[in-house]
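Content type compact mmCIF, C-alpha atoms and all ligand atoms, from the file my_file_14.txt:
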# COMPACT_ATOMS: atom_id res chain seq x y z
CA MET A 1 -42.36 35.51 9.43
CA TYR A 2 -41.93 34.74 5.75
CA VAL A 3 -38.22 35.18 4.95
CA ASP A 4 -38.81 36.93 1.62
CA LEU A 5 -40.49 39.83 3.45
CA ILE A 6 -37.38 40.72 5.48
CA ASP A 7 -36.09 43.06 2.79
CA ARG A 8 -39.31 45.10 3.07
CA LEU A 9 -38.71 45.76 6.79
CA ARG A 10 -36.78 48.75 8.11
CA CYS A 11 -35.46 49.91 11.46
CA PRO A 12 -38.20 52.11 13.03
CA ASN A 13 -35.69 54.37 14.81
CA ASP A 14 -35.19 57.97 13.76
CA HIS A 15 -32.38 57.78 11.19
CA ALA A 16 -31.91 57.13 7.49
CA ASP A 17 -33.97 54.26 6.04
CA THR A 18 -31.92 51.15 6.94
CA TRP A 19 -32.67 47.51 6.29
CA LEU A 20 -32.45 44.84 8.97
CA VAL A 21 -30.08 41.88 8.91
CA ALA A 22 -31.40 38.57 10.18
CA ALA A 23 -29.48 36.08 12.30
CA ALA A 24 -31.73 33.03 12.51
CA THR A 25 -31.54 30.29 15.11
CA ARG A 26 -34.62 28.40 13.90
CA THR A 27 -36.40 28.36 10.53
CA ALA A 28 -39.12 26.20 9.00
CA HIS A 29 -40.84 26.27 5.59
CA ARG A 30 -39.10 29.50 4.54
CA ARG A 31 -40.24 31.14 7.78
CA LEU A 32 -38.10 32.61 10.53
CA ILE A 33 -39.26 31.15 13.84
CA GLU A 34 -36.53 32.32 16.22
CA ALA A 35 -34.11 35.01 15.09
CA THR A 36 -32.69 38.46 15.71
CA LEU A 37 -33.06 41.34 13.26
CA GLY A 38 -30.24 43.85 13.65
CA CYS A 39 -29.84 47.45 12.46
CA HIS A 40 -26.31 48.39 11.42
CA GLU A 41 -27.11 52.11 11.61
CA CYS A 42 -28.11 52.41 15.29
CA GLY A 43 -27.26 48.96 16.66
CA ALA A 44 -30.85 48.16 17.63
CA GLU A 45 -31.85 44.50 17.73
CA PHE A 46 -35.36 43.14 17.37
CA ASP A 47 -36.25 39.60 18.39
CA VAL A 48 -38.25 37.18 16.28
CA ARG A 49 -40.10 34.88 18.69
CA ASP A 50 -42.53 32.20 17.54
CA GLY A 51 -42.34 33.75 14.09
CA GLU A 52 -43.35 37.25 15.25
CA VAL A 53 -41.06 40.31 15.08
CA TRP A 54 -41.04 42.37 18.29
CA PHE A 55 -40.47 46.14 17.97
CA GLY A 56 -42.02 47.11 21.32
CA THR A 57 -44.49 45.97 23.96
CA ARG A 58 -47.64 44.06 23.12
CA VAL A 59 -50.70 46.03 22.00
CA GLU A 60 -54.05 44.25 22.27
CA HIS A 61 -56.75 44.68 19.64
CA ALA A 62 -60.15 43.00 19.41
CA PRO A 63 -60.69 40.79 16.36
CA MET A 64 -62.96 41.98 13.53
CA PRO A 65 -65.84 39.81 12.33
CA VAL A 66 -64.75 37.55 9.49
CA ASN A 67 -67.40 36.91 6.85
CA ALA A 68 -67.76 37.19 3.09
CA ASP A 69 -69.17 40.75 3.21
CA GLU A 70 -66.35 42.11 5.37
CA SER A 71 -63.71 40.36 3.25
CA MET A 72 -65.06 41.67 -0.04
CA ARG A 73 -65.45 45.18 1.41
CA ALA A 74 -61.83 45.17 2.59
CA ALA A 75 -60.60 43.76 -0.74
CA ALA A 76 -62.47 46.50 -2.62
CA LEU A 77 -61.34 49.34 -0.33
CA LEU A 78 -57.71 48.17 -0.58
CA ARG A 79 -58.12 47.50 -4.31
CA LEU A 80 -56.21 44.23 -4.00
CA GLU A 81 -53.70 43.55 -6.76
CA GLU A 82 -52.13 40.18 -7.50
CA ARG A 83 -48.70 39.91 -5.79
CA GLY A 84 -49.26 43.22 -3.98
CA LEU A 85 -48.07 43.88 -0.42
CA TYR A 86 -50.61 45.09 2.14
CA LEU A 87 -50.35 46.04 5.81
CA LEU A 88 -53.26 45.21 8.12
CA ASP A 89 -53.14 47.01 11.47
CA GLY A 90 -54.87 45.76 14.61
CA GLY A 91 -58.27 44.08 14.15
CA TRP A 92 -57.95 44.26 10.34
CA GLY A 93 -55.55 41.34 10.72
CA SER A 94 -58.59 39.10 11.29
CA LEU A 95 -59.25 39.35 7.55
CA ALA A 96 -55.75 38.32 6.41
CA ALA A 97 -56.54 34.70 5.54
CA ALA A 98 -59.77 35.68 3.77
CA LEU A 99 -57.97 38.32 1.67
CA GLN A 100 -55.28 35.83 0.68
CA GLN A 101 -58.04 33.56 -0.57
CA VAL A 102 -59.39 36.38 -2.75
CA LEU A 103 -56.00 37.01 -4.39
CA ASP A 104 -52.38 35.92 -4.03
CA VAL A 105 -51.11 38.87 -1.97
CA ASP A 106 -48.42 39.30 0.69
CA ILE A 107 -49.58 40.65 4.04
CA ILE A 108 -47.82 42.33 6.96
CA LEU A 109 -49.82 42.14 10.19
CA ALA A 110 -49.21 44.91 12.72
CA ASP A 111 -50.32 43.90 16.22
CA PRO A 112 -53.07 41.51 15.05
CA PRO A 113 -55.52 40.04 17.57
CA THR A 114 -53.98 37.09 19.39
CA VAL A 115 -56.40 34.59 17.85
CA VAL A 116 -55.08 35.49 14.37
CA SER A 117 -51.46 34.79 15.23
CA GLU A 118 -52.44 31.51 16.88
CA ARG A 119 -54.09 30.46 13.65
CA ALA A 120 -50.95 31.41 11.72
CA ALA A 121 -48.89 29.26 14.07
CA ALA A 122 -51.26 26.34 13.56
CA ASP A 123 -50.94 26.76 9.80
CA ALA A 124 -47.17 26.70 10.09
CA SER A 125 -47.21 23.44 11.98
CA GLY A 126 -49.07 21.86 9.05
CA ASP A 127 -47.63 22.11 5.57
CA GLY A 128 -46.79 25.78 6.06
CA VAL A 129 -48.45 26.88 2.83
CA ASP A 130 -51.02 29.13 4.51
CA ALA A 131 -48.33 30.93 6.44
CA LEU A 132 -46.43 31.97 3.30
CA GLY A 133 -46.65 35.62 2.42
CA LYS A 134 -47.38 36.73 5.97
CA CYS A 135 -45.29 38.57 8.50
CA THR A 136 -46.46 39.54 11.99
CA LEU A 137 -45.08 42.63 13.73
CA ARG A 138 -45.62 43.33 17.45
CA GLY A 139 -45.37 46.58 19.37
CA VAL A 140 -45.46 48.82 16.28
CA GLY A 141 -45.12 52.49 17.26
CA ASP A 142 -45.62 55.73 15.35
CA ARG A 143 -43.18 54.84 12.57
CA TRP A 144 -44.07 51.84 10.41
CA PRO A 145 -41.01 49.51 10.30
CA VAL A 146 -41.42 49.18 6.54
CA ALA A 147 -39.43 50.38 3.50
CA GLY A 148 -40.53 53.53 1.68
CA ALA A 149 -43.08 53.01 -1.12
CA ALA A 150 -43.20 49.27 -0.33
CA LEU A 151 -46.94 48.95 0.23
CA HIS A 152 -49.94 48.77 -2.11
CA GLY A 153 -52.31 49.48 0.78
CA ILE A 154 -52.68 49.96 4.54
CA ALA A 155 -55.77 49.41 6.70
CA MET A 156 -55.18 51.22 10.00
CA GLU A 157 -56.94 50.69 13.30
CA ARG A 158 -54.81 52.65 15.80
CA VAL A 159 -54.44 56.17 14.48
CA THR A 160 -52.03 58.92 15.50
CA ASN A 161 -51.05 61.91 13.37
CA ALA A 162 -47.53 60.51 13.12
CA ARG A 163 -48.82 57.13 11.94
CA LEU A 164 -51.02 58.78 9.31
CA ALA A 165 -48.15 60.91 8.02
CA ASP A 166 -45.72 57.98 7.98
CA ALA A 167 -48.29 55.86 6.11
CA LEU A 168 -47.67 58.13 3.11
CA ARG A 169 -43.95 57.32 3.27
CA VAL A 170 -44.50 53.57 3.09
CA LEU A 171 -47.28 53.67 0.46
CA ARG A 172 -46.47 53.71 -3.24
CA ASP A 173 -48.15 56.36 -5.42
CA GLY A 174 -51.83 55.46 -5.79
CA GLY A 175 -51.62 53.13 -2.78
CA ARG A 176 -54.76 52.86 -0.63
CA LEU A 177 -55.06 54.07 2.96
CA ILE A 178 -58.04 53.07 5.14
CA ALA A 179 -58.59 54.67 8.55
CA PRO A 180 -61.44 55.13 11.05
CA ALA A 181 -64.03 57.72 9.96
CA GLY A 182 -63.10 60.08 12.82
CA ALA A 183 -59.44 60.36 11.75
CA PRO A 184 -58.24 63.33 9.68
CA VAL A 185 -57.25 62.61 6.06
CA PRO A 186 -53.53 63.53 5.93
CA ALA A 187 -52.04 65.95 3.44
CA GLY A 188 -50.75 64.00 0.47
CA ALA A 189 -53.77 61.69 0.40
CA ARG A 190 -56.95 62.16 -1.60
CA GLU A 191 -60.20 60.90 -0.07
CA LEU A 192 -62.05 58.51 -2.38
CA ALA A 193 -64.99 57.35 -0.26
CA ARG A 194 -66.24 57.12 3.30
CA ASP A 195 -69.02 55.53 5.30
CA GLU A 196 -69.91 55.69 8.99
CA ARG A 197 -66.99 53.38 9.88
CA HIS A 198 -64.03 54.26 7.68
CA TRP A 199 -62.66 56.44 4.93
CA VAL A 200 -60.44 55.29 2.11
CA ALA A 201 -57.92 57.56 0.39
CA GLU A 202 -55.16 57.13 -2.15
CA LYS A 203 -51.66 58.53 -1.99
CA VAL A 204 -51.23 61.24 -4.59
CA GLY A 205 -47.86 61.35 -6.33
CA ASP A 206 -45.62 64.39 -6.38
CA VAL A 207 -47.23 67.17 -8.38
CA ILE A 208 -45.11 68.52 -11.24
CA PRO A 209 -45.45 72.32 -11.20
CA LEU A 210 -46.88 73.75 -14.42
CA SER A 211 -44.58 76.77 -14.17
CA ARG A 212 -41.71 74.59 -15.40
CA ALA A 213 -43.31 74.47 -18.84
CA GLN A 214 -43.79 78.24 -19.01
CA ARG A 215 -40.11 79.24 -18.65
ZN ZN B 301 -31.68 51.59 13.53
The structure in this file should be written as structure tokens.
Ligand SMILES: [Zn+2]
Amino acid sequence: MYVDLIDRLRCPNDHADTWLVAAATRTAHRRLIEATLGCHECGAEFDVRDGEVWFGTRVEHAPMPVNADESMRAAALLRLEERGLYLLDGGWGSLAAALQQVLDVDIILADPPTVVSERAAADASGDGVDALGKCTLRGVGDRWPVAGAALHGIAMERVTNARLADALRVLRDGGRLIAPAGAPVPAGARELARDERHWVAEKVGDVIPLSRAQR
């Protein structure tokens, strides 16, 4: 994982938002290869192995087709912004390299298909440039191990109600959320568009009550 993304990660356990402290045993090209991320709040430790951060047991997802149409669709749905931070869950991870060619964005991969992480490892053994700005998380549960309001967008494959609700914690106001068409749009998100495969919504900021102005 790219070392500069560590400060965006958080302990996924049920306590106050707490950052993780890295103890690295092997690094290369500003990436952590072998390390331990520790939580001072609950004492949990998460291993970094072959550059991937392990929060739980492996979850397998099939890759998505990678072509120009799929890449441009994902870039538009996520409304990619230069230097933004995006989380791609499951098969969406297949599009990570293509999206980083569209714009210079940082990407967190949650349980990407195995073929994607193998490609990232191959990149890292070269000059490492392609692996910058990426961070792979494994075994992600119902709580995203990410700081509040850290993300410009999330594309979700595996949906639970808890994951949908927690997505609104980690998205900034106006951040984009993509989920399968059959999933409910959570409270706090406003649907912008949908097709037979997915819907896209944006996080709405806190509403300021008009009654304050009336006194
Ligand atoms: Zn903790």
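Closest approach to Arg79 in chain A among A:Ala162, A:Val48, A:Ala201, A:Leu5: A:Ala201, based on all atoms listed in the file.
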Selection near Ile178 in chain A, 8 Å with all atoms listed in the file, sequence-local residues under 4 positions removed, as a PyMOL selection string: chain A and resi 77-78+154-156+198-201
Kindly provide, as an NGL selection string, all nucleotide and amino acid residues lying within 6 Å of ligand ZN 301 (chain B), counting all atoms listed in the file. :A and (11 or 13 or 39 or 41-42 or 44)
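Remark: for Gly139 in chain A, the closest of the candidate residues A:Ala187, A:Ala110, A:Ala35, A:Leu87 is A:Ala110 (distances computed over only C-alpha atoms).
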Can you pull out every residue within 12 Å of Gln100 in chain A, counting all atoms listed in the file, but drop anything in the same chain fewer than 6 positions away, and send it as a list of chain:residue names?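 Counting all atoms listed in the file, the residues come to A:Ser71, A:Met72, A:Ala74, A:Ala75, A:Leu80, A:Glu81, A:Glu82, A:Arg83, A:Gly84, A:Leu85, A:Tyr86, A:Gly93, A:Ser94, A:Asp106, A:Ile107, A:Ile108, A:Val129, A:Asp130, A:Ala131, A:Leu132, A:Gly133, A:Lys134.
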Option closest in space to Leu103 in chain A, from A:Ala76, A:Leu88, A:Ala23, A:Ala149 [counting all atoms listed in the file]: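 Of A:Ala76, A:Leu88, A:Ala23, A:Ala149, the one nearest Leu103 in chain A is A:Ala76, counting all atoms listed in the file.
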Please identify every residue of range 93-201 of chain A that has at least one atom no farther than 8 Å from an atom of range 50-55 of chain A, counting all atoms listed in the file, and for each give the shortest atom pair and the distance in Å to one decimal, arranged by chain then increasing number, as a Markdown table.
| residue | atom | partner | partner_atom | distance |
| --- | --- | --- | --- | --- |
| A:Ala121 | CA | A:Asp50 | CA | 7.8 |
| A:Cys135 | CA | A:Glu52 | CA | 7.1 |
| A:Thr136 | CA | A:Glu52 | CA | 5.1 |
| A:Leu137 | CA | A:Val53 | CA | 4.8 |
| A:Arg138 | CA | A:Trp54 | CA | 4.8 |
| A:Gly139 | CA | A:Phe55 | CA | 5.1 |
| A:Val140 | CA | A:Phe55 | CA | 5.9 |
| A:Gly141 | CA | A:Phe55 | CA | 7.9 |
Determine the axis-aligned bounding box of all atoms of range 8-27 of chain A present in the file, pad each side by 3 Å, and express its centre and edge lengths in Å to one decimal place as lines of an AutoDock Vina configuration file.
center_x = -34.4
center_y = 43.2
center_z = 9.1
size_x = 15.8
size_y = 35.6
size_z = 18.0
Identify which of the residues A:Leu37, A:Leu168, A:Ala68, A:Val115 lies closest to Val102 in chain A, counting all atoms listed in the file when measuring atom-to-atom distances.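 Among the listed residues, the smallest separation from Val102 in chain A belongs to A:Ala68.
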Can you work out the spacing between CA of Asp111 in chain A and CA of Asp195 in chain A in Å, to one decimal? 24.6 Å
Hey, can you check how far CA of Asp166 in chain A sits from CA of Glu70 in chain A?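 CA of Asp166 in chain A sits 26.2 Å away from CA of Glu70 in chain A.
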My list of candidates is A:Leu109, A:Leu171, A:Ala165, A:Val146. Which is closest to Leu20 in chain A when distances are computed with only C-alpha atoms?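 Of A:Leu109, A:Leu171, A:Ala165, A:Val146, the one nearest Leu20 in chain A, counting only C-alpha atoms, is A:Val146.
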Residue nearest Pro112 in chain A among A:Arg190, A:Arg73, A:Arg30, A:His61 (counting all atoms listed in the file):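 Among the listed residues, the smallest separation from Pro112 in chain A belongs to A:His61.
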I'd like the interatomic distance between CA of Arg143 in chain A and CA of Ala22 in chain A, to a tenth of an Å. 20.2 Å
